[in-house]
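As C-alpha cells, the structure follows; a few thoughts come after it.
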Amino acid sequence: SPSRFRPSKTSGTTVIYVNSVFNMHSCILAITLLGSAVAAQSKFGTASFVLPAAPSIVSSSPAPTDVLLARRSAVVTGYGLDKKSKVAIRKPTQGGTSPLFAKKKGAASFKKGKVQVKLIKFVEGTGSIGDVVMVAPAFWENKLKKTQSAVIITDEEVASQKKEKEAKDKARLDGARSLEGNIKDTTITIAKKAGPEGHLFGGVGKKDILNDLKKNFPKDALNGKQIKITSVKGKDGKDIGNRDIKEVGEYSATISLHKDVSADFKVSVKGA
C-alpha cells in the first residue's frame with residue numbers, strides 16, 4: 001500500500017530501504033534465468049565434437065588403374081603428410097597400359113623435343129625427297145611448313161608406308177629375276193653401215209643396244225630408271241666405257257635390272 005513505501009523523516013533510512021527492495025527483485029530475476037538455462041541444457045544434451053570420417057575410395061572390377069591407385073595413396077597418406085602410412089602401388093611407366101600414358105593413335109610423333117616430318121622437297125642440310133627426319137618445332141613451323149617442303153607424319157603412317165615399299169620392292173625384285181633368266185645368254189644382232197675394213201659409219205651406243213634388246217620383250221618390260229646398260233666389252237674383255245662401238249664384231253654387254261640383279265648377253269654388230 002502507499003503507506004508501506006511512505007518515507008520516514010530521516011532521508012538516509014529512505015535510501016537504504018529502496019536499495020533493499022531493488023536487490024531482492026534482481027535476485028529473483030537471476031534465479032529465474034538460471035533455471036531456464038539448466039532446463040535448456042538438460043533438453044538438448046551436452047555438445048560434443050564429432051571427428052570427420054576418413055575418406056575412402058570404392059573401386060569395382062577390373063582392378064584399379066595407376067591413376068586410381070595414385071589417388072588412393074594420396075588420400076591415405078594425407079597427400080604426403082603422413083609418412084607412416086604405406087600403400088602398395090605400382091609406379092606408372094610410359095608405354096604401359098595406363099590411359100595416362102597411352103599415346104593417341106594418329107598423333108604427331110615427338111621425340112626428345114623434336115617433331116617427325118617427311119620431306120617432299122630437297123632441303124639442304126636436312127635430307128632428300130621421301131626422307132623421314134626429326135626436326136625442331138620452330139624449324140618445322142618457320143621453314144618447312146611455310147615453304148611446303150615437308151609434312152607431319154605419324155609413326156603409324158611411317159609403318160604403313162614401309163610395308164607398302166617393302167611389297168613394291170619385292171615385286172620389282174621378282175620381276176627382275178624373271179627377266180634375268182630370259183635375257184641371260186641372249187644374242188642380239190645390230191646392223192650398221194660400215195666400210196670395207198669394218199669401220200662403222202657412226203657408232204653403236206649403249207642406248208642403241210638397250211632399244212634393240214627391248215624389241216625381244218613385251219612393251220614396258222624393260223622400262224624403268226634402274227634398267228640400263230652398265231658395260232660393253234670387246235673380244236679382248238676390255239670395257240669400252242662410255243664410248244660407242246666403232247667396229248663390226250662380237251661384244252658382250254651387261255644390263256642392270258635391279259640393284260641386286262644384272263644379266264649378261266651377247267651383241268653382234270654387222271655391217272649393212
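In the C-alpha cells, the first chain shown is A, the next is B, and so on; residue numbers restart at 1 for each chain, and ligands run from 1 in the order shown.
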
Val132 (chain A) surroundings by only C-alpha atoms, 8 Å radius, close-in-sequence under 5 positions cut, as a PyMOL selection string: chain A and resi 116-119

Within 10 Å of region 262-267 of chain A using only C-alpha atoms, minus same-chain residues under 6 positions, as a VMD selection string: chain A and resid 176 to 177 179 to 190 209 212 to 213 227 to 234 249 to 256

Residue with smallest distance to Asp208 (chain A) - pool A:Gly113, A:His258, A:Lys192, A:Asp220, counting only C-alpha atoms: A:Lys192

CA of Val135 (chain A) to CA of Lys111 (chain A), distance in Å rounded to a single decimal: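 Those two atoms sit 9.6 Å apart.
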